[in-house]
>>> print(open('start34.cif').read())   # mmCIF, C-alpha atoms
data_start
loop_
_atom_site.label_atom_id
_atom_site.label_comp_id
_atom_site.auth_asym_id
_atom_site.auth_seq_id
_atom_site.Cartn_x
_atom_site.Cartn_y
_atom_site.Cartn_z
CA MET Q 193 0.00 0.00 0.00
CA ILE Q 194 1.25 3.49 -0.85
CA ALA Q 195 0.83 6.33 1.66
CA VAL Q 196 0.95 10.07 1.03
CA ASP Q 197 2.77 12.61 3.19
CA THR Q 198 1.56 16.11 4.04
CA ASN Q 199 3.68 18.02 1.54
CA ILE Q 200 2.22 16.15 -1.44
CA LEU Q 201 -1.29 16.90 -0.15
CA VAL Q 202 -0.43 20.59 0.31
CA TYR Q 203 1.10 20.88 -3.17
CA ALA Q 204 -1.92 19.18 -4.73
CA HIS Q 205 -4.28 21.59 -2.98
CA ARG Q 206 -2.52 24.93 -3.34
CA GLU Q 207 -2.92 26.60 -6.73
CA ASP Q 208 0.15 28.73 -5.99
CA SER Q 209 2.39 25.67 -5.66
CA GLN Q 210 4.88 25.14 -8.46
CA PHE Q 211 4.29 21.40 -7.98
CA GLN Q 212 0.48 21.49 -8.06
CA GLY Q 213 0.05 19.76 -11.41
CA GLN Q 214 2.38 16.89 -10.57
CA ALA Q 215 0.97 16.48 -7.05
CA GLN Q 216 -2.64 16.60 -8.25
CA LYS Q 217 -1.91 13.97 -10.88
CA CYS Q 218 -0.28 11.74 -8.28
CA ILE Q 219 -3.22 12.01 -5.86
CA ALA Q 220 -5.79 11.58 -8.66
CA GLU Q 221 -4.12 8.38 -9.87
CA LEU Q 222 -4.22 6.97 -6.35
CA ALA Q 223 -7.76 8.15 -5.56
CA GLU Q 224 -9.20 6.92 -8.85
CA GLY Q 225 -7.22 3.69 -8.96
CA ARG Q 226 -8.19 0.21 -7.83
CA SER Q 227 -5.38 -0.31 -5.33
CA LEU Q 228 -5.58 0.71 -1.71
CA TRP Q 229 -3.71 3.87 -0.80
CA ALA Q 230 -3.34 5.64 2.52
CA ILE Q 231 -3.01 8.92 4.37
CA PRO Q 232 -1.88 8.95 8.00
CA TRP Q 233 -4.26 11.01 10.15
CA PRO Q 234 -1.39 13.22 11.40
CA CYS Q 235 -0.82 14.27 7.78
CA ILE Q 236 -4.45 15.39 7.47
CA HIS Q 237 -4.08 17.48 10.63
CA GLU Q 238 -0.81 18.97 9.43
CA PHE Q 239 -2.29 19.67 5.98
CA PHE Q 240 -5.11 21.66 7.56
CA ALA Q 241 -2.70 23.54 9.85
CA ILE Q 242 -0.42 24.52 6.97
CA VAL Q 243 -2.90 25.53 4.26
CA THR Q 244 -5.06 27.62 6.62
CA HIS Q 245 -2.12 29.35 8.35
CA PRO Q 246 -1.91 33.06 7.40
CA LYS Q 247 1.82 33.21 8.16
CA ILE Q 248 2.52 30.39 5.70
CA TYR Q 249 0.18 31.35 2.86
CA ASN Q 250 -1.08 34.79 1.89
CA PRO Q 251 -3.93 34.32 1.47
CA PRO Q 252 -4.39 31.06 3.34
CA SER Q 253 -6.93 28.54 2.16
CA PRO Q 254 -10.31 29.37 3.69
CA VAL Q 255 -11.31 26.83 6.33
CA PRO Q 256 -14.35 25.58 4.34
CA VAL Q 257 -12.15 25.06 1.25
CA ALA Q 258 -9.55 23.11 3.23
CA LEU Q 259 -12.28 20.99 4.83
CA ASP Q 260 -13.88 20.35 1.43
CA GLN Q 261 -10.51 19.18 0.11
CA ILE Q 262 -10.13 16.72 2.98
CA GLU Q 263 -13.70 15.48 2.43
CA ALA Q 264 -12.93 14.91 -1.26
CA TRP Q 265 -9.94 12.71 -0.38
CA LEU Q 266 -11.97 10.83 2.23
CA GLU Q 267 -14.56 9.98 -0.44
CA SER Q 268 -12.06 7.85 -2.35
CA PRO Q 269 -13.32 4.26 -1.92
CA THR Q 270 -9.77 2.91 -1.91
CA LEU Q 271 -8.40 5.30 0.73
CA VAL Q 272 -7.30 3.85 4.06
CA MET Q 273 -6.80 6.32 6.90
CA LEU Q 274 -3.88 5.30 9.11
CA HIS Q 275 -3.59 5.82 12.85
CA GLU Q 276 -1.63 4.63 15.86
CA THR Q 277 -2.43 1.04 16.74
CA THR Q 278 -1.14 -1.78 18.92
CA GLY Q 279 2.63 -1.81 18.82
CA TYR Q 280 2.92 1.90 18.02
CA TRP Q 281 4.94 2.81 21.12
CA ASP Q 282 7.42 -0.01 20.57
CA MET Q 283 7.81 0.95 16.91
CA ILE Q 284 8.34 4.66 17.52
CA THR Q 285 10.83 4.12 20.34
CA LYS Q 286 12.85 1.84 18.02
CA LEU Q 287 12.77 4.53 15.31
CA ILE Q 288 13.81 7.21 17.80
CA SER Q 289 16.76 5.14 18.94
CA SER Q 290 17.89 3.79 15.57
CA SER Q 291 17.48 7.10 13.73
CA LYS Q 292 18.89 9.24 16.54
CA ILE Q 293 16.11 11.78 16.27
CA CYS Q 294 15.03 14.44 18.73
CA GLY Q 295 12.86 17.54 18.91
CA PRO Q 296 10.48 18.23 16.04
CA GLN Q 297 11.81 15.24 14.08
CA ILE Q 298 9.40 13.20 16.20
CA HIS Q 299 6.62 14.16 13.78
CA ASP Q 300 8.31 12.31 10.91
CA ALA Q 301 9.03 9.36 13.20
CA ARG Q 302 5.34 9.26 14.12
CA ILE Q 303 4.29 9.12 10.47
CA ALA Q 304 6.96 6.50 9.70
CA ALA Q 305 5.88 4.33 12.65
CA ILE Q 306 2.21 4.53 11.68
CA CYS Q 307 3.04 3.63 8.08
CA MET Q 308 5.25 0.72 9.09
CA LEU Q 309 2.61 -0.65 11.45
CA HIS Q 310 0.11 -0.66 8.59
CA SER Q 311 2.53 -2.38 6.17
CA VAL Q 312 2.89 0.64 3.89
CA THR Q 313 5.30 -0.30 1.10
CA GLU Q 314 6.11 3.27 0.05
CA LEU Q 315 5.59 6.80 1.37
CA LEU Q 316 5.19 9.48 -1.28
CA THR Q 317 6.89 12.59 0.07
CA ALA Q 318 9.08 15.49 -0.97
CA ASP Q 319 10.75 15.34 2.46
CA ARG Q 320 14.20 13.70 2.28
CA ASP Q 321 14.20 13.29 6.07
CA PHE Q 322 12.16 10.09 5.75
CA SER Q 323 15.22 8.36 4.28
CA ARG Q 324 16.54 8.06 7.85
CA PHE Q 325 13.91 5.39 8.59
CA SER Q 326 15.38 2.24 7.06
CA GLY Q 327 12.17 0.25 7.44
CA LEU Q 328 10.16 2.60 5.22
CA LYS Q 329 10.77 3.23 1.53
CA SER Q 330 10.12 6.86 0.56
CA CYS Q 331 9.82 8.29 -2.93
CA ASN Q 332 9.42 11.82 -4.26
CA PRO Q 333 6.75 11.68 -7.00
CA LEU Q 334 7.51 15.27 -7.99
CA VAL Q 335 10.94 14.40 -9.35
CA THR Q 336 10.81 13.05 -12.87
#
>>> encode(input="start34.cif", output="structure tokens")
Amino acid sequence: MIAVDTNILVYAHREDSQFQGQAQKCIAELAEGRSLWAIPWPCIHEFFAIVTHPKIYNPPSPVPVALDQIEAWLESPTLVMLHETTGYWDMITKLISSSKICGPQIHDARIAAICMLHSVTELLTADRDFSRFSGLKSCNPLVT
């Protein structure tokens, strides 16, 4: 199963993103395909926080528009929403130790742990920091 990170969701949503076309195509192929695909819940929360933040985007996405975007993704019949489950604490503590992370890097470790617990085979992300988690393959779909 392929999972999608926050930055791909943001790029697909924001018309002012230089990567919007590529990101939209990527999400559309997943959402309209027959295979299961996934979004970790923390990525949905982070997406909302980023696109509606007036210090990040001027103008920010209006709250109803951001919520409508999330609803549209949730309507995909092949989407699986990922969350912490049994074994999460053991998994994240192993990632913290093996990847030597601290501070805000915990967010990426959380997403990696959730994906690994749900047997995600690949995380689509533009964030190179995920390469530190050896148990999770990451790929940037915006690089051709």
>>> residues_around(input="start34.cif", residues="Gln214 in chain Q", least_positions_apart="3", cutoff="10 Å", atoms="only C-alpha atoms", output="ChimeraX atom specification")
/Q:200,203-204,210-211,217-220,333-336
>>> atom_distance(input="start34.cif", atom1="CA of Trp265 in chain Q", atom2="CA of Val312 in chain Q")
18.1 Å
>>> closest_residue(input="start34.cif", among="Q:Asp282, Q:Asp260, Q:Glu267, Q:Glu221", to="Met308 in chain Q", atoms="all atoms listed in the file")
Q:Asp282
>>> resolve_selection(input="start34.cif", expression="the PyMOL selection byres ((chain Q and resi 199) around 9)", output="PyMOL selection string")
chain Q and resi 196-198+200-204+235+239+317-319
>>> atom_distance(input="start34.cif", atom1="CA of Ile248 in chain Q", atom2="CA of Leu316 in chain Q")
22.2 Å
>>> atom_distance(input="start34.cif", atom1="CA of Trp233 in chain Q", atom2="CA of Thr313 in chain Q")
17.4 Å
>>> resolve_selection(input="start34.cif", expression="the PyMOL selection byres ((chain Q and resi 327) around 9)", output="list in words")
Leu287, Ala304, Met308, Arg324, Phe325, Ser326, Leu328 and Lys329 of chain Q
>>> closest_residue(input="start34.cif", among="Q:Thr244, Q:Ser253, Q:Ser227, Q:Thr285", to="Leu271 in chain Q", atoms="all atoms listed in the file")
Q:Ser227
>>> residues_near_point(input="start34.cif", point="(3.6, 8.6, 12.1)", cutoff="12 Å", atoms="all atoms listed in the file", output="MDAnalysis selection string")
chainID Q and resid 195:198 231:238 273:277 280:281 283:285 287:288 297:310 312 315 322 325 328
>>> closest_residue(input="start34.cif", among="Q:Val243, Q:Leu266, Q:Ala223, Q:Val272", to="His205 in chain Q", atoms="all atoms listed in the file")
Q:Val243
>>> axis_aligned_box(input="start34.cif", around="range 244-256 of chain Q", padding_each_side="4 Å", output="JSON")
{"center_x": -5.9, "center_y": 30.2, "center_z": 4.9, "size_x": 24.9, "size_y": 17.2, "size_z": 14.9}
>>> resolve_selection(input="start34.cif", expression="the PyMOL selection byres ((chain Q and resi 252) around 12)", output="ChimeraX atom specification")
/Q:202,205-208,239-251,253-258
>>> build_atoms(input="start34.cif", residues="range 240-267 of chain Q", atoms="N, CA and C atoms", output="compact mmCIF listing (two decimals), in the coordinates of the input")
# COMPACT_ATOMS: atom_id res chain seq x y z
N PHE Q 240 -4.17 20.60 7.17
CA PHE Q 240 -5.11 21.66 7.56
C PHE Q 240 -4.36 22.82 8.23
N ALA Q 241 -3.45 22.50 9.14
CA ALA Q 241 -2.70 23.54 9.85
C ALA Q 241 -1.88 24.39 8.89
N ILE Q 242 -1.29 23.78 7.90
CA ILE Q 242 -0.42 24.52 6.97
C ILE Q 242 -1.24 25.37 6.01
N VAL Q 243 -2.22 24.77 5.32
CA VAL Q 243 -2.90 25.53 4.26
C VAL Q 243 -3.80 26.64 4.79
N THR Q 244 -4.20 26.57 6.05
CA THR Q 244 -5.06 27.62 6.62
C THR Q 244 -4.27 28.63 7.45
N HIS Q 245 -2.96 28.48 7.51
CA HIS Q 245 -2.12 29.35 8.35
C HIS Q 245 -1.76 30.63 7.60
N PRO Q 246 -2.17 31.80 8.11
CA PRO Q 246 -1.91 33.06 7.40
C PRO Q 246 -0.44 33.47 7.38
N LYS Q 247 0.39 32.88 8.20
CA LYS Q 247 1.82 33.21 8.16
C LYS Q 247 2.57 32.29 7.19
N ILE Q 248 1.91 31.28 6.69
CA ILE Q 248 2.52 30.39 5.70
C ILE Q 248 2.05 30.76 4.30
N TYR Q 249 0.74 30.99 4.16
CA TYR Q 249 0.18 31.35 2.86
C TYR Q 249 -0.58 32.67 2.97
N ASN Q 250 -0.37 33.52 1.95
CA ASN Q 250 -1.08 34.79 1.89
C ASN Q 250 -1.71 34.89 0.50
N PRO Q 251 -2.98 34.64 0.40
CA PRO Q 251 -3.93 34.32 1.47
C PRO Q 251 -3.91 32.83 1.78
N PRO Q 252 -4.27 32.48 3.00
CA PRO Q 252 -4.39 31.06 3.34
C PRO Q 252 -5.64 30.48 2.70
N SER Q 253 -5.70 29.18 2.64
CA SER Q 253 -6.93 28.54 2.16
C SER Q 253 -8.02 28.80 3.19
N PRO Q 254 -9.21 29.22 2.74
CA PRO Q 254 -10.31 29.37 3.69
C PRO Q 254 -10.63 28.03 4.34
N VAL Q 255 -11.02 28.06 5.59
CA VAL Q 255 -11.31 26.83 6.33
C VAL Q 255 -12.30 25.93 5.57
N PRO Q 256 -13.42 26.47 5.06
CA PRO Q 256 -14.35 25.58 4.34
C PRO Q 256 -13.71 24.92 3.11
N VAL Q 257 -12.82 25.62 2.43
CA VAL Q 257 -12.15 25.06 1.25
C VAL Q 257 -11.21 23.94 1.66
N ALA Q 258 -10.46 24.14 2.74
CA ALA Q 258 -9.55 23.11 3.23
C ALA Q 258 -10.34 21.88 3.69
N LEU Q 259 -11.44 22.11 4.39
CA LEU Q 259 -12.28 20.99 4.83
C LEU Q 259 -12.89 20.24 3.65
N ASP Q 260 -13.32 20.98 2.64
CA ASP Q 260 -13.88 20.35 1.43
C ASP Q 260 -12.83 19.48 0.74
N GLN Q 261 -11.58 19.96 0.73
CA GLN Q 261 -10.51 19.18 0.11
C GLN Q 261 -10.31 17.87 0.86
N ILE Q 262 -10.28 17.94 2.17
CA ILE Q 262 -10.13 16.72 2.98
C ILE Q 262 -11.29 15.77 2.73
N GLU Q 263 -12.51 16.31 2.70
CA GLU Q 263 -13.70 15.48 2.43
C GLU Q 263 -13.58 14.79 1.06
N ALA Q 264 -13.07 15.50 0.08
CA ALA Q 264 -12.93 14.91 -1.26
C ALA Q 264 -11.97 13.72 -1.22
N TRP Q 265 -10.86 13.84 -0.51
CA TRP Q 265 -9.94 12.71 -0.38
C TRP Q 265 -10.61 11.56 0.36
N LEU Q 266 -11.33 11.88 1.43
CA LEU Q 266 -11.97 10.83 2.23
C LEU Q 266 -13.03 10.06 1.44
N GLU Q 267 -13.55 10.64 0.38
CA GLU Q 267 -14.56 9.98 -0.44
C GLU Q 267 -13.98 8.91 -1.36
